[in-house]
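Dumped coords-v3.cif below, it's mmCIF, C-alpha atoms, pLDDT in the B column; chains and numbers go by the auth columns:
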data_data
loop_
_atom_site.group_PDB
_atom_site.id
_atom_site.type_symbol
_atom_site.label_atom_id
_atom_site.label_comp_id
_atom_site.label_asym_id
_atom_site.label_seq_id
_atom_site.Cartn_x
_atom_site.Cartn_y
_atom_site.Cartn_z
_atom_site.B_iso_or_equiv
_atom_site.auth_seq_id
_atom_site.auth_asym_id
ATOM 1 C CA MET A 1 0.000 0.000 0.000 53.00 1 A
ATOM 2 C CA THR A 2 1.118 3.560 -0.600 64.00 2 A
ATOM 3 C CA ASP A 3 1.903 5.029 2.819 78.00 3 A
ATOM 4 C CA ASP A 4 1.713 8.637 1.559 90.00 4 A
ATOM 5 C CA ILE A 5 -2.018 8.277 0.947 92.00 5 A
ATOM 6 C CA LEU A 6 -2.686 6.103 3.987 90.00 6 A
ATOM 7 C CA ASN A 7 -0.968 8.676 6.195 93.00 7 A
ATOM 8 C CA THR A 8 -3.620 11.234 5.184 93.00 8 A
ATOM 9 C CA LEU A 9 -6.405 9.027 6.547 95.00 9 A
ATOM 10 C CA ASP A 10 -7.906 8.775 9.991 93.00 10 A
ATOM 11 C CA SER A 11 -5.598 6.337 11.819 93.00 11 A
ATOM 12 C CA ASN A 12 -8.304 3.779 12.696 93.00 12 A
ATOM 13 C CA PHE A 13 -9.716 3.884 9.177 94.00 13 A
ATOM 14 C CA ALA A 14 -6.184 3.461 7.755 95.00 14 A
ATOM 15 C CA LYS A 15 -5.687 0.320 9.882 95.00 15 A
ATOM 16 C CA THR A 16 -8.902 -1.153 8.502 95.00 16 A
ATOM 17 C CA ILE A 17 -7.851 -0.291 4.944 94.00 17 A
ATOM 18 C CA LYS A 18 -4.513 -2.065 5.563 93.00 18 A
ATOM 19 C CA THR A 19 -6.435 -5.118 6.809 95.00 19 A
ATOM 20 C CA LEU A 20 -8.586 -5.028 3.668 94.00 20 A
ATOM 21 C CA SER A 21 -5.473 -4.873 1.508 90.00 21 A
ATOM 22 C CA GLN A 22 -3.831 -7.759 3.398 92.00 22 A
ATOM 23 C CA GLU A 23 -6.933 -9.934 2.983 93.00 23 A
ATOM 24 C CA LEU A 24 -6.974 -9.287 -0.754 90.00 24 A
ATOM 25 C CA ARG A 25 -3.210 -9.788 -1.022 87.00 25 A
ATOM 26 C CA SER A 26 -3.517 -13.191 0.700 92.00 26 A
ATOM 27 C CA GLU A 27 -5.883 -14.181 -2.127 89.00 27 A
ATOM 28 C CA GLY A 28 -3.512 -12.916 -4.809 84.00 28 A
ATOM 29 C CA TYR A 29 -5.111 -9.509 -5.434 84.00 29 A
ATOM 30 C CA THR A 30 -3.608 -6.060 -5.167 82.00 30 A
ATOM 31 C CA ILE A 31 -5.267 -2.684 -4.599 84.00 31 A
ATOM 32 C CA LYS A 32 -3.466 0.622 -4.795 89.00 32 A
ATOM 33 C CA PRO A 33 -4.885 3.717 -3.097 90.00 33 A
ATOM 34 C CA THR A 34 -5.165 6.703 -5.419 91.00 34 A
ATOM 35 C CA GLN A 35 -6.970 9.242 -3.206 92.00 35 A
ATOM 36 C CA GLY A 36 -7.325 9.591 0.539 95.00 36 A
ATOM 37 C CA LEU A 37 -7.880 12.878 2.311 95.00 37 A
ATOM 38 C CA ARG A 38 -9.340 15.461 -0.041 95.00 38 A
ATOM 39 C CA THR A 39 -9.326 19.211 0.554 96.00 39 A
ATOM 40 C CA LEU A 40 -12.561 21.174 0.547 97.00 40 A
ATOM 41 C CA GLU A 41 -11.320 22.963 -2.570 97.00 41 A
ATOM 42 C CA GLN A 42 -10.784 19.658 -4.401 96.00 42 A
ATOM 43 C CA GLN A 43 -14.240 18.509 -3.303 97.00 43 A
ATOM 44 C CA ALA A 44 -15.819 21.740 -4.535 98.00 44 A
ATOM 45 C CA LYS A 45 -14.275 21.289 -7.967 97.00 45 A
ATOM 46 C CA LEU A 46 -15.498 17.692 -8.156 95.00 46 A
ATOM 47 C CA TRP A 47 -19.004 18.647 -7.045 97.00 47 A
ATOM 48 C CA ARG A 48 -19.278 21.454 -9.607 97.00 48 A
ATOM 49 C CA ARG A 49 -18.481 19.091 -12.499 95.00 49 A
ATOM 50 C CA GLY A 50 -21.407 18.586 -14.837 94.00 50 A
ATOM 51 C CA ARG A 51 -23.740 20.880 -12.900 95.00 51 A
ATOM 52 C CA SER A 52 -25.501 23.901 -14.379 95.00 52 A
ATOM 53 C CA THR A 53 -24.781 27.408 -13.160 95.00 53 A
ATOM 54 C CA SER A 54 -28.317 27.633 -11.730 96.00 54 A
ATOM 55 C CA ILE A 55 -27.920 24.416 -9.687 96.00 55 A
ATOM 56 C CA ILE A 56 -24.567 25.624 -8.350 97.00 56 A
ATOM 57 C CA LYS A 57 -26.047 29.015 -7.445 97.00 57 A
ATOM 58 C CA GLN A 58 -28.987 27.334 -5.687 98.00 58 A
ATOM 59 C CA ARG A 59 -26.627 25.250 -3.535 97.00 59 A
ATOM 60 C CA ILE A 60 -24.448 28.266 -2.695 98.00 60 A
ATOM 61 C CA ASP A 61 -27.537 30.291 -1.782 98.00 61 A
ATOM 62 C CA PHE A 62 -28.850 27.406 0.341 97.00 62 A
ATOM 63 C CA LEU A 63 -25.568 27.257 2.258 97.00 63 A
ATOM 64 C CA LYS A 64 -25.598 31.021 2.823 97.00 64 A
ATOM 65 C CA GLU A 65 -29.242 30.977 3.960 96.00 65 A
ATOM 66 C CA ASN A 66 -28.316 28.300 6.497 94.00 66 A
ATOM 67 C CA ASN A 67 -25.385 30.197 8.011 95.00 67 A
ATOM 68 C CA CYS A 68 -22.769 28.124 6.194 96.00 68 A
ATOM 69 C CA GLU A 69 -20.852 30.998 4.600 97.00 69 A
ATOM 70 C CA PHE A 70 -17.497 29.221 4.844 97.00 70 A
ATOM 71 C CA LEU A 71 -18.681 26.218 2.775 97.00 71 A
ATOM 72 C CA ALA A 72 -20.573 28.515 0.385 98.00 72 A
ATOM 73 C CA ASN A 73 -17.399 30.520 -0.251 97.00 73 A
ATOM 74 C CA ILE A 74 -15.364 27.352 -0.910 98.00 74 A
ATOM 75 C CA LEU A 75 -17.966 26.196 -3.430 97.00 75 A
ATOM 76 C CA GLU A 76 -18.148 29.609 -5.062 97.00 76 A
ATOM 77 C CA LYS A 77 -14.368 30.053 -5.357 97.00 77 A
ATOM 78 C CA ALA A 78 -13.961 26.695 -7.105 96.00 78 A
ATOM 79 C CA GLY A 79 -15.197 28.336 -10.292 94.00 79 A
ATOM 80 C CA PRO A 80 -16.461 26.665 -13.454 92.00 80 A
ATOM 81 C CA GLN A 81 -15.258 23.144 -14.242 93.00 81 A
ATOM 82 C CA LYS A 82 -14.759 21.841 -17.778 89.00 82 A
ATOM 83 C CA GLU A 83 -15.785 18.250 -17.114 85.00 83 A
ATOM 84 C CA THR A 84 -19.369 17.478 -18.081 85.00 84 A
ATOM 85 C CA LYS A 85 -19.937 14.282 -16.093 88.00 85 A
ATOM 86 C CA ILE A 86 -21.141 14.627 -12.494 90.00 86 A
ATOM 87 C CA ALA A 87 -18.423 13.178 -10.257 88.00 87 A
ATOM 88 C CA THR A 88 -19.974 13.347 -6.772 91.00 88 A
ATOM 89 C CA ASN A 89 -23.116 14.287 -4.913 91.00 89 A
ATOM 90 C CA ALA A 90 -21.170 15.437 -1.839 92.00 90 A
ATOM 91 C CA ILE A 91 -20.547 19.152 -1.478 95.00 91 A
ATOM 92 C CA PRO A 92 -17.387 20.246 0.373 96.00 92 A
ATOM 93 C CA GLY A 93 -17.430 19.017 3.966 94.00 93 A
ATOM 94 C CA LEU A 94 -19.978 16.276 3.298 91.00 94 A
ATOM 95 C CA SER A 95 -17.609 13.813 1.669 90.00 95 A
ATOM 96 C CA TRP A 96 -15.965 11.184 3.825 91.00 96 A
ATOM 97 C CA HIS A 97 -12.798 12.099 1.900 94.00 97 A
ATOM 98 C CA ASN A 98 -12.814 15.498 3.649 95.00 98 A
ATOM 99 C CA TRP A 99 -12.702 13.711 7.003 93.00 99 A
ATOM 100 C CA GLY A 100 -10.003 11.167 6.068 93.00 100 A
ATOM 101 C CA LEU A 101 -12.591 8.378 6.136 93.00 101 A
ATOM 102 C CA ALA A 102 -12.660 7.388 2.457 94.00 102 A
ATOM 103 C CA CYS A 103 -10.140 5.943 0.067 94.00 103 A
ATOM 104 C CA ASP A 104 -10.283 5.434 -3.694 91.00 104 A
ATOM 105 C CA PHE A 105 -8.423 2.518 -5.231 88.00 105 A
ATOM 106 C CA LEU A 106 -7.195 1.080 -8.452 87.00 106 A
ATOM 107 C CA PHE A 107 -7.809 -2.633 -8.353 82.00 107 A
ATOM 108 C CA PHE A 108 -5.383 -5.004 -10.026 82.00 108 A
ATOM 109 C CA ASP A 109 -6.073 -8.526 -11.244 74.00 109 A
ATOM 110 C CA LYS A 110 -3.910 -11.545 -10.442 72.00 110 A
ATOM 111 C CA ASN A 111 -1.685 -10.633 -13.421 83.00 111 A
ATOM 112 C CA ASN A 112 -1.067 -7.154 -11.915 81.00 112 A
ATOM 113 C CA LYS A 113 -3.074 -5.351 -14.627 85.00 113 A
ATOM 114 C CA ILE A 114 -5.415 -2.490 -13.746 91.00 114 A
ATOM 115 C CA ILE A 115 -9.044 -3.517 -13.860 88.00 115 A
ATOM 116 C CA HIS A 116 -10.892 -0.568 -15.408 83.00 116 A
ATOM 117 C CA ASN A 117 -14.315 -2.211 -15.650 81.00 117 A
ATOM 118 C CA GLY A 118 -16.188 -1.394 -12.425 79.00 118 A
ATOM 119 C CA ASP A 119 -18.575 -4.282 -13.104 82.00 119 A
ATOM 120 C CA ALA A 120 -15.721 -6.804 -12.994 83.00 120 A
ATOM 121 C CA PRO A 121 -16.083 -9.554 -10.366 86.00 121 A
ATOM 122 C CA GLU A 122 -12.924 -8.347 -8.624 84.00 122 A
ATOM 123 C CA TYR A 123 -14.681 -5.122 -7.596 85.00 123 A
ATOM 124 C CA LYS A 124 -17.513 -7.164 -6.126 89.00 124 A
ATOM 125 C CA ILE A 125 -14.910 -9.065 -4.077 90.00 125 A
ATOM 126 C CA LEU A 126 -13.437 -5.742 -2.924 90.00 126 A
ATOM 127 C CA ALA A 127 -16.926 -4.532 -1.943 90.00 127 A
ATOM 128 C CA GLU A 128 -17.771 -7.760 -0.060 93.00 128 A
ATOM 129 C CA LYS A 129 -14.521 -7.717 1.892 94.00 129 A
ATOM 130 C CA ALA A 130 -15.015 -4.035 2.714 93.00 130 A
ATOM 131 C CA GLU A 131 -18.561 -4.728 3.950 93.00 131 A
ATOM 132 C CA ASN A 132 -17.213 -7.590 6.117 94.00 132 A
ATOM 133 C CA LEU A 133 -14.913 -5.029 7.752 94.00 133 A
ATOM 134 C CA GLU A 134 -17.902 -2.723 8.371 92.00 134 A
ATOM 135 C CA LEU A 135 -16.922 -0.356 5.554 93.00 135 A
ATOM 136 C CA THR A 136 -19.115 0.855 2.704 89.00 136 A
ATOM 137 C CA SER A 137 -18.361 0.361 -0.966 88.00 137 A
ATOM 138 C CA SER A 138 -19.847 2.839 -3.404 83.00 138 A
ATOM 139 C CA LEU A 139 -21.154 -0.163 -5.330 77.00 139 A
ATOM 140 C CA SER A 140 -23.992 -0.063 -2.783 73.00 140 A
ATOM 141 C CA PHE A 141 -24.859 3.559 -3.682 73.00 141 A
ATOM 142 C CA LYS A 142 -27.995 4.311 -5.690 69.00 142 A
ATOM 143 C CA SER A 143 -26.175 6.879 -7.829 69.00 143 A
ATOM 144 C CA ILE A 144 -22.578 7.625 -8.799 65.00 144 A
ATOM 145 C CA ARG A 145 -21.173 4.173 -8.248 66.00 145 A
ATOM 146 C CA GLU A 146 -17.398 4.360 -8.294 74.00 146 A
ATOM 147 C CA ALA A 147 -16.166 0.789 -8.024 77.00 147 A
ATOM 148 C CA GLY A 148 -12.921 1.569 -6.196 85.00 148 A
ATOM 149 C CA HIS A 149 -14.408 3.884 -3.553 90.00 149 A
ATOM 150 C CA ILE A 150 -14.419 2.571 0.019 92.00 150 A
ATOM 151 C CA GLN A 151 -15.528 4.640 3.007 92.00 151 A
ATOM 152 C CA ALA A 152 -16.633 4.474 6.607 89.00 152 A
ATOM 153 C CA HIS A 153 -20.343 3.696 6.915 79.00 153 A
ATOM 154 C CA GLN A 154 -22.578 6.143 5.095 62.00 154 A
ATOM 155 C CA PHE A 155 -23.916 9.246 6.736 59.00 155 A
ATOM 156 C CA GLU A 156 -26.281 11.941 5.656 53.00 156 A
ATOM 157 C CA VAL A 157 -26.555 15.498 6.861 48.00 157 A
ATOM 158 C CA LEU A 158 -30.164 15.551 7.953 48.00 158 A
ATOM 159 C CA SER A 159 -30.452 18.913 9.668 52.00 159 A
ATOM 160 C CA ARG A 160 -29.265 22.466 9.261 54.00 160 A
ATOM 161 C CA GLN A 161 -27.653 22.197 12.688 58.00 161 A
ATOM 162 C CA THR A 162 -25.463 19.347 11.423 85.00 162 A
ATOM 163 C CA LEU A 163 -24.600 21.289 8.279 89.00 163 A
ATOM 164 C CA GLN A 164 -23.681 24.262 10.470 89.00 164 A
ATOM 165 C CA TYR A 165 -21.497 21.968 12.580 91.00 165 A
ATOM 166 C CA VAL A 166 -19.632 20.869 9.431 92.00 166 A
ATOM 167 C CA ASN A 167 -19.276 24.492 8.310 95.00 167 A
ATOM 168 C CA ASN A 168 -17.925 25.611 11.699 93.00 168 A
ATOM 169 C CA HIS A 169 -15.650 22.592 12.046 92.00 169 A
ATOM 170 C CA PHE A 170 -13.844 23.300 8.779 94.00 170 A
ATOM 171 C CA LYS A 171 -13.886 27.059 9.340 94.00 171 A
ATOM 172 C CA ASN A 172 -12.136 26.529 12.705 94.00 172 A
ATOM 173 C CA LEU A 173 -9.628 24.127 11.149 91.00 173 A
ATOM 174 C CA ALA A 174 -8.773 26.700 8.494 90.00 174 A
ATOM 175 C CA ALA A 175 -8.421 29.459 11.100 87.00 175 A
ATOM 176 C CA ASN A 176 -6.144 27.266 13.247 84.00 176 A
ATOM 177 C CA GLU A 177 -4.028 26.416 10.208 80.00 177 A
ATOM 178 C CA ILE A 178 -3.637 30.096 9.355 69.00 178 A
ATOM 179 C CA ARG A 179 -2.647 30.899 12.962 64.00 179 A
ATOM 180 C CA HIS A 180 -0.164 28.000 13.028 59.00 180 A
ATOM 181 C CA THR A 181 1.381 29.094 9.716 62.00 181 A
ATOM 182 C CA ALA A 182 1.677 32.690 10.927 59.00 182 A
ATOM 183 C CA GLN A 183 3.334 31.568 14.189 65.00 183 A
ATOM 184 C CA THR A 184 5.895 29.367 12.438 64.00 184 A
ATOM 185 C CA HIS A 185 6.873 32.166 10.050 57.00 185 A
ATOM 186 C CA CYS A 186 7.426 34.824 12.744 57.00 186 A
#
How does the structure come out when it is put into structure tokens?
Amino acid sequence: MTDDILNTLDSNFAKTIKTLSQELRSEGYTIKPTQGLRTLEQQAKLWRRGRSTSIIKQRIDFLKENNCEFLANILEKAGPQKETKIATNAIPGLSWHNWGLACDFLFFDKNNKIIHNGDAPEYKILAEKAENLELTSSLSFKSIREAGHIQAHQFEVLSRQTLQYVNNHFKNLAANEIRHTAQTHC
């Protein structure tokens, strides 16, 4: 496994991902992580892909109306994206990637060749093993099924209070990072 990516993940989640990899390796399979922790800015760019200007504006306005200015600004600053295919339904802060609790993989067959077909049986094996470790594979999602995506169990933001918590959590992280950077450069 690539330690650089695993080191970006929540430590308990990373241990479970290593266990998943070891189980697959013992059966002759290999998975390589390609994405772990994702910044809010990266998430904003992914979310904006394939969405109309009016849909993007509606989501930004919704965030602002619900006292989530920090997330709204992240989404707004991401700007237009060229890609036309929707990549994610999770706005910044609502992806497990933003919390270090998701990992995307390339899956390799027993001949060490990348398996590009998400419907291949190997991805079903990956999903089953992940589920056995109490993880969620995006193959179980109703939309945007990315075969190599594994995350902690699903969650949904069901209330404005929760959305405000997410907004304030990341706003405070950013403020602490700015303070830390300023202190180390003085």
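Among the candidates A:Lys64, A:Lys85, A:His153, A:Lys110, the one nearest to Asn167 of chain A when counting all atoms listed in the file is A:Lys64.
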| task | Return as a VMD selection string the set of residues that the PyMOL selection byres ((chain A and resi 7) around 12) yields on the displayed structure. | result | chain A and resid 1 to 6 8 to 15 17 to 18 33 35 to 37 100 to 101 103
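Comparing the minimum interatomic distances between Phe107 of chain A and each of A:Trp47, A:Tyr29, A:Phe70, A:Phe170, counting only C-alpha atoms, we find that A:Tyr29 sits nearest.
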Using all atoms listed in the file, which protein or nucleic acid residues come within 8 Å of Leu139 of chain A? Drop anything in the same chain fewer than 4 positions from it, and give the result as a compact mmCIF listing (two decimals) with C-alpha atoms, in the coordinates of the input.
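Wrote it out as result.txt, contents follow:
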# COMPACT_ATOMS: atom_id res chain seq x y z
CA LYS A 124 -17.51 -7.16 -6.13
CA ALA A 127 -16.93 -4.53 -1.94
CA ARG A 145 -21.17 4.17 -8.25
CA GLU A 146 -17.40 4.36 -8.29
CA ALA A 147 -16.17 0.79 -8.02
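Shortest separation to Ile115 of chain A among A:Ile91, A:Leu135, A:Ile31, A:Ala175 occurs at residue A:Ile31, atoms counted being all atoms listed in the file.
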| request: Work out how far atom CA of Ala90 of chain A is from atom CA of Gly50 of chain A, in Å to one decimal. | output: 13.4 Å
What do you get, as a PDB file with C-alpha atoms, in the coordinates of the input, if you spell out every residue that the PyMOL selection byres ((chain A and resi 128) around 12) selects here?
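As a result, out.pdb now contains:
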ATOM      1  CA  LEU A  20      -8.586  -5.028   3.668  1.00 94.00           C
ATOM      2  CA  GLU A  23      -6.933  -9.934   2.983  1.00 93.00           C
ATOM      3  CA  LEU A  24      -6.974  -9.287  -0.754  1.00 90.00           C
ATOM      4  CA  PRO A 121     -16.083  -9.554 -10.366  1.00 86.00           C
ATOM      5  CA  GLU A 122     -12.924  -8.347  -8.624  1.00 84.00           C
ATOM      6  CA  TYR A 123     -14.681  -5.122  -7.596  1.00 85.00           C
ATOM      7  CA  LYS A 124     -17.513  -7.164  -6.126  1.00 89.00           C
ATOM      8  CA  ILE A 125     -14.910  -9.065  -4.077  1.00 90.00           C
ATOM      9  CA  LEU A 126     -13.437  -5.742  -2.924  1.00 90.00           C
ATOM     10  CA  ALA A 127     -16.926  -4.532  -1.943  1.00 90.00           C
ATOM     11  CA  LYS A 129     -14.521  -7.717   1.892  1.00 94.00           C
ATOM     12  CA  ALA A 130     -15.015  -4.035   2.714  1.00 93.00           C
ATOM     13  CA  GLU A 131     -18.561  -4.728   3.950  1.00 93.00           C
ATOM     14  CA  ASN A 132     -17.213  -7.590   6.117  1.00 94.00           C
ATOM     15  CA  LEU A 133     -14.913  -5.029   7.752  1.00 94.00           C
ATOM     16  CA  GLU A 134     -17.902  -2.723   8.371  1.00 92.00           C
ATOM     17  CA  LEU A 135     -16.922  -0.356   5.554  1.00 93.00           C
ATOM     18  CA  THR A 136     -19.115   0.855   2.704  1.00 89.00           C
ATOM     19  CA  SER A 137     -18.361   0.361  -0.966  1.00 88.00           C
ATOM     20  CA  SER A 138     -19.847   2.839  -3.404  1.00 83.00           C
ATOM     21  CA  LEU A 139     -21.154  -0.163  -5.330  1.00 77.00           C
ATOM     22  CA  SER A 140     -23.992  -0.063  -2.783  1.00 73.00           C
ATOM     23  CA  ALA A 147     -16.166   0.789  -8.024  1.00 77.00           C
ATOM     24  CA  ILE A 150     -14.419   2.571   0.019  1.00 92.00           C
TER      25      ILE A 150
END
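Taking atom CA of His149 of chain A and atom CA of Phe105 of chain A as the two end points, the separation is 6.4 Å.
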| task | Determine the residue membership of the PyMOL selection byres ((chain A and resi 74) around 12) for the file above and supply it as an MDAnalysis selection string. | result | chainID A and resid 39:45 47:48 56 59:60 63:64 68:73 75:79 91:93 167 170:171 174
| How many Å separate atom CA of Asp104 of chain A from atom CA of Thr53 of chain A? | 28.0 Å
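With only C-alpha atoms as the basis for measurement, A:Arg49 is the residue among A:Arg25, A:His97, A:His116, A:Arg49 that approaches Pro80 of chain A most closely.
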